[in-house]
Amino acid sequence: MHSTSPPPSATPRLWHVGTLTYTAGGLAALFVWLLLGDFAWAMRERSVTPMAQWYLGTLLSGLPSANLVFLLLMSSFPAALGLILVPIISVMSDRHRGPRGRRIPFLLITTPLSALGMIFLGLTPWISSTVHAAVPGLSEVGISIFCFAVAWAVFEFAAIASGAVFGGLLNDVVPPELLGRFHGMFRMVSLIDGMIVGWWIMGLIPTHYALLFISIGTFYGSAFFLTCLNIKEGTYPEPPPIDPNRKGFWAQAQEYGKLCFSNRYYLTIFFMLLFNGLTAGPVNLLANNYRQSVGMSMEDFGKIQTMCYAISFCLGLPLGWLADLIHPLRLTMITVALYGLSCIWGAMYATTHDTFWVAIFVHNVISGCIFTSAASLGQRLFPRSSYAQFASAAGILGSLVGIVFPLMLGAMVDMSGWGYPILSSTAGKGGMSGMLHDFPGRHFEYTFAVGAFMCVMALGMGFFVHRRFMALGGPKGYVAPE
């Protein structure tokens with residue numbers, strides 16, 4: 001008689017990142033919480049900009065230099081703020097050790113502050129009208145711009161500070177072999193937000209501005225705070241001790257600069273990331289004014305975006321899988337090349353309602369592919385132990401350019417329309433409706449030409465990075481130099 005022993009049970013697969021170990025169930029729980037947080041984060045990112053652009057554009061549309069002032073507040077100011085904040089917050093986060101980890105404590109502080117900034121932005125019209133009624137001698141437009149600027153500063157401070165550490169949190173808790181697919185899912189969640197904003201919210205902005213801002217601010221603050229409470233970080237080795245002879249701000253700044261900017265390979269990566277980010281930037285920065293110049297309504301513009309988001313949603317997971325398969329560096333270079341070709345067409349033909357429709361549709365789809373392809377690029381190229389510092393160093397370069405670039409772009413487009421009258425039925429009166437949001441004579445198609453140039457620069461930097469990347473081990477054996 002022969003006895004049979006039961007077959008050995010299969011060893012469950014485990015995933016590791018740092019000191020964290022996940023089973024399939026633990027990994028699923030992590031993804032659920034992170035995707036909830038990303039839904040709230042993306043709702044903030046997708047909705048705040050178009051709502052703020054609409055309100056500020058309405059206030060400024062009667063000014064001859066409307067595009068210049070608009071981009072000063074919407075782009076250059078945040079870039080200048082990021083130039084100061086991001087390196088400080090990133091270094092503090094990399095070196096922090098606490099019961100809740102090194103990233104989440106910062107997010108628990110900045111999340112409610114960001115939500116309050118959004119609520120303040122929503123209340124700006126009511127505050128300005130109330131102050132103007134109490135003090136009629138003050139300009140309602142001036143009060144509105146001042147209140148908007150203060151609320152925008154609060155919001156951007158919190159958003160930039162949280163952005164400086166959120167990428168580091170993902171790098172610390174998501175297994176590296178799943179980063180591409182995870183960012184693909186992040187992209188899909190973000191696109192769901194984009195479809196909600198484009199299809200339902202965009203058309204409601206002129207009539208429900210305050211309600212939308214207050215509601216979205218409350219939702220973001222609650223949902224993202226809950227996510228932070230339910231994510232667990234691992235333990236980290238103690239950071240290198242600070243040299244007692246090199247304490248103080250300037251000494252630490254020198255150490256930071258030596259770490260991040262002394263290696264030519266990382267400098268090339270910084271420039272590659274910079275130009276990657278600038279490819280779609282010119283069109284995105286002035287898209288709202290561009291669509292006004294060709295007579296496209298806010299509602300139609302939002303629905304075009306929604307259709308693009310639906311397409312990008314279907315591409316999100318395949319692109320994430322492809323990034324893990326061939327490496328995000330290679331996939332990013334392919335998508336940048338495709339976007340450059342679309343920019344050349346847009347620069348030549350996107351001057352009417354119908355051609356702009358085609359150009360902005362292709363722009364949204366392919367620029368979205370760039371975003372998805374490059375989402376995990378820094379996490380795959382920078383050292384894991386000091387990722388946030390290297391990411392912030394790339395951000396410094398982006399902030400420096402971001403201060404000047406929007407102003408130059410706005411001035412270029414404004415100068416292209418010199419000699420044409422500025423039409424506004426309520427210029428200088430602070431009216432919020434009945435305004436002819438028109439930019440006669442301005443050549444907004446120049447934004448596509450600038451985008452094409454940025455693609456050429458991004459590809460050039462990409463080839464240099466790829467050559468060094470292969471020398472350091474390539475997709476299978478890459479080790480980031482430290």
# chains A, B, ... in the order shown; residues from 1 in each chain; ligands from 1
>>> residues_around(residues="segment 157-169 of chain A", least_positions_apart="3", cutoff="10 Å", atoms="only C-alpha atoms", output="number ranges by chain")
A: 41, 44-45, 78-79, 81-83, 85-94, 101-117, 151-154, 172-174, 231-233, 375-376, 378-379, 384-389, 391-392, 395
>>> residues_around(residues="Gly277 of chain A", least_positions_apart="6", cutoff="10 Å", atoms="only C-alpha atoms", output="PyMOL selection string")
chain A and resi 271+367+370-371+374+398+454-455+458
>>> write_last_selection(atoms="N, CA and C atoms", output="compact mmCIF listing (two decimals), in the first residue's frame")
# COMPACT_ATOMS: atom_id res chain seq x y z
N PHE A 271 18.17 68.34 -18.50
CA PHE A 271 17.80 69.08 -19.71
C PHE A 271 16.82 68.29 -20.57
N SER A 367 0.41 64.39 -26.75
CA SER A 367 1.08 64.93 -25.56
C SER A 367 0.74 64.09 -24.33
N ILE A 370 3.10 61.26 -24.29
CA ILE A 370 4.40 61.66 -23.74
C ILE A 370 4.35 61.64 -22.22
N PHE A 371 3.29 62.20 -21.68
CA PHE A 371 3.15 62.27 -20.22
C PHE A 371 3.16 60.88 -19.61
N ALA A 374 6.70 59.13 -19.98
CA ALA A 374 7.78 59.70 -19.18
C ALA A 374 7.48 59.72 -17.69
N GLY A 398 13.68 73.53 -14.38
CA GLY A 398 12.37 73.81 -14.95
C GLY A 398 11.77 75.09 -14.43
N MET A 454 10.96 72.57 -29.30
CA MET A 454 11.24 71.88 -28.04
C MET A 454 11.37 70.37 -28.25
N CYS A 455 10.62 69.82 -29.18
CA CYS A 455 10.73 68.39 -29.49
C CYS A 455 12.11 68.05 -30.04
N ALA A 458 14.47 68.09 -27.12
CA ALA A 458 14.25 66.93 -26.25
C ALA A 458 14.84 65.66 -26.85
>>> closest_atom_pairs(of="segment 217-335 of chain A", to="segment 189-199 of chain A", cutoff="12 Å", atoms="only C-alpha atoms", output="Markdown table")
| residue | atom | partner | partner_atom | distance |
| --- | --- | --- | --- | --- |
| A:Met298 | CA | A:Gly198 | CA | 9.3 |
| A:Glu299 | CA | A:Trp199 | CA | 7.7 |
| A:Asp300 | CA | A:Trp199 | CA | 9.0 |
| A:Phe301 | CA | A:Gly198 | CA | 7.8 |
| A:Gly302 | CA | A:Gly198 | CA | 4.1 |
| A:Lys303 | CA | A:Trp199 | CA | 5.3 |
| A:Ile304 | CA | A:Gly198 | CA | 7.8 |
| A:Gln305 | CA | A:Gly198 | CA | 5.9 |
| A:Thr306 | CA | A:Met195 | CA | 4.4 |
| A:Met307 | CA | A:Met195 | CA | 7.6 |
| A:Cys308 | CA | A:Met195 | CA | 8.6 |
| A:Tyr309 | CA | A:Leu191 | CA | 5.3 |
| A:Ala310 | CA | A:Met195 | CA | 7.1 |
| A:Ile311 | CA | A:Leu191 | CA | 9.2 |
| A:Ser312 | CA | A:Leu191 | CA | 7.1 |
| A:Phe313 | CA | A:Leu191 | CA | 5.9 |
| A:Cys314 | CA | A:Leu191 | CA | 9.6 |
| A:Leu315 | CA | A:Leu191 | CA | 10.5 |
| A:Gly316 | CA | A:Leu191 | CA | 8.9 |
| A:Leu317 | CA | A:Val189 | CA | 10.6 |
>>> write_last_selection(atoms="C-alpha atoms", output="JSON list (two decimals), in the first residue's frame")
[["chain", "number", "residue", "atom", "x", "y", "z"],
["A", 298, "MET", "CA", -15.75, 76.74, -23.72],
["A", 299, "GLU", "CA", -18.26, 73.89, -23.87],
["A", 300, "ASP", "CA", -17.05, 72.64, -27.27],
["A", 301, "PHE", "CA", -13.45, 72.94, -26.15],
["A", 302, "GLY", "CA", -14.21, 70.84, -23.08],
["A", 303, "LYS", "CA", -15.91, 68.15, -25.15],
["A", 304, "ILE", "CA", -12.93, 67.90, -27.49],
["A", 305, "GLN", "CA", -10.75, 67.36, -24.46],
["A", 306, "THR", "CA", -13.14, 64.70, -23.19],
["A", 307, "MET", "CA", -12.91, 62.75, -26.45],
["A", 308, "CYS", "CA", -9.12, 62.94, -26.29],
["A", 309, "TYR", "CA", -9.15, 61.76, -22.71],
["A", 310, "ALA", "CA", -11.30, 58.77, -23.66],
["A", 311, "ILE", "CA", -8.72, 57.77, -26.28],
["A", 312, "SER", "CA", -5.84, 58.36, -23.89],
["A", 313, "PHE", "CA", -7.66, 56.30, -21.24],
["A", 314, "CYS", "CA", -7.59, 53.30, -23.57],
["A", 315, "LEU", "CA", -3.88, 53.89, -24.18],
["A", 316, "GLY", "CA", -2.89, 54.33, -20.52],
["A", 317, "LEU", "CA", -2.31, 50.73, -19.45]]
>>> residues_around(residues="Ala280 of chain A", least_positions_apart="5", cutoff="12 Å", atoms="only C-alpha atoms", output="PyMOL selection string")
chain A and resi 274-275+285-287+335-336+339-340+342-343+360+362-371+447-455+458
>>> residues_around(residues="Ala210 of chain A", least_positions_apart="4", cutoff="8 Å", atoms="only C-alpha atoms", output="NGL selection string")
:A and (121-123 or 125 or 214)
>>> closest_residue(among="A:Leu68, A:Leu377, A:Met185, A:Ile143", to="Ala323 of chain A", atoms="only C-alpha atoms")
A:Leu377
>>> residues_around(residues="segment 266-270 of chain A", least_positions_apart="3", cutoff="7 Å", atoms="only C-alpha atoms", output="list in words")
Phe261, Asn263, Leu273, Leu274, Ala394, Met461 and Val465 of chain A
>>> write_last_selection(atoms="N, CA and C atoms", output="PDB file, in the first residue's frame")
ATOM      1  N   PHE A 261      24.439  68.465  -9.256  1.00  0.00           N
ATOM      2  CA  PHE A 261      24.839  69.157 -10.479  1.00  0.00           C
ATOM      3  C   PHE A 261      26.291  68.916 -10.892  1.00  0.00           C
ATOM      4  N   ASN A 263      27.532  65.894 -11.826  1.00  0.00           N
ATOM      5  CA  ASN A 263      27.609  64.765 -12.756  1.00  0.00           C
ATOM      6  C   ASN A 263      26.985  65.161 -14.091  1.00  0.00           C
ATOM      7  N   LEU A 273      14.551  66.162 -19.431  1.00  0.00           N
ATOM      8  CA  LEU A 273      13.254  66.284 -18.766  1.00  0.00           C
ATOM      9  C   LEU A 273      12.669  67.679 -18.959  1.00  0.00           C
ATOM     10  N   LEU A 274      13.542  68.685 -18.938  1.00  0.00           N
ATOM     11  CA  LEU A 274      13.081  70.054 -19.160  1.00  0.00           C
ATOM     12  C   LEU A 274      12.426  70.195 -20.522  1.00  0.00           C
ATOM     13  N   ALA A 394      16.063  68.711 -10.981  1.00  0.00           N
ATOM     14  CA  ALA A 394      15.468  68.865 -12.312  1.00  0.00           C
ATOM     15  C   ALA A 394      14.394  69.937 -12.281  1.00  0.00           C
ATOM     16  N   MET A 461      18.732  65.733 -26.530  1.00  0.00           N
ATOM     17  CA  MET A 461      19.161  65.359 -25.185  1.00  0.00           C
ATOM     18  C   MET A 461      18.908  63.870 -24.931  1.00  0.00           C
ATOM     19  N   VAL A 465      21.435  60.920 -23.439  1.00  0.00           N
ATOM     20  CA  VAL A 465      21.109  60.156 -22.233  1.00  0.00           C
ATOM     21  C   VAL A 465      21.079  58.664 -22.540  1.00  0.00           C
TER      22      VAL A 465
END
>>> atom_distance(atom1="atom CA of Glu445 of chain A", atom2="atom CA of Ser297 of chain A")
18.1 Å
>>> closest_atom_pairs(of="segment 71-95 of chain A", to="segment 54-58 of chain A", cutoff="12 Å", atoms="only C-alpha atoms", output="JSON lines")
{"residue": "A:Leu71", "atom": "CA", "partner": "A:Gly57", "partner_atom": "CA", "distance": 10.0}
{"residue": "A:Leu72", "atom": "CA", "partner": "A:Leu56", "partner_atom": "CA", "distance": 11.4}
{"residue": "A:Leu73", "atom": "CA", "partner": "A:Leu56", "partner_atom": "CA", "distance": 9.0}
{"residue": "A:Met74", "atom": "CA", "partner": "A:Leu56", "partner_atom": "CA", "distance": 8.8}
>>> select_by_dssp(residues="segment 50-136 of chain A", states="helix (DSSP H, G or I)", output="PyMOL selection string")
chain A and resi 50-60+66-95+104-134
>>> atom_distance(atom1="atom CA of Gly402 of chain A", atom2="atom CA of Thr49 of chain A")
16.1 Å
>>> closest_residue(among="A:Phe146, A:Tyr236, A:Phe356, A:Phe213", to="Arg46 of chain A", atoms="only C-alpha atoms")
A:Phe213
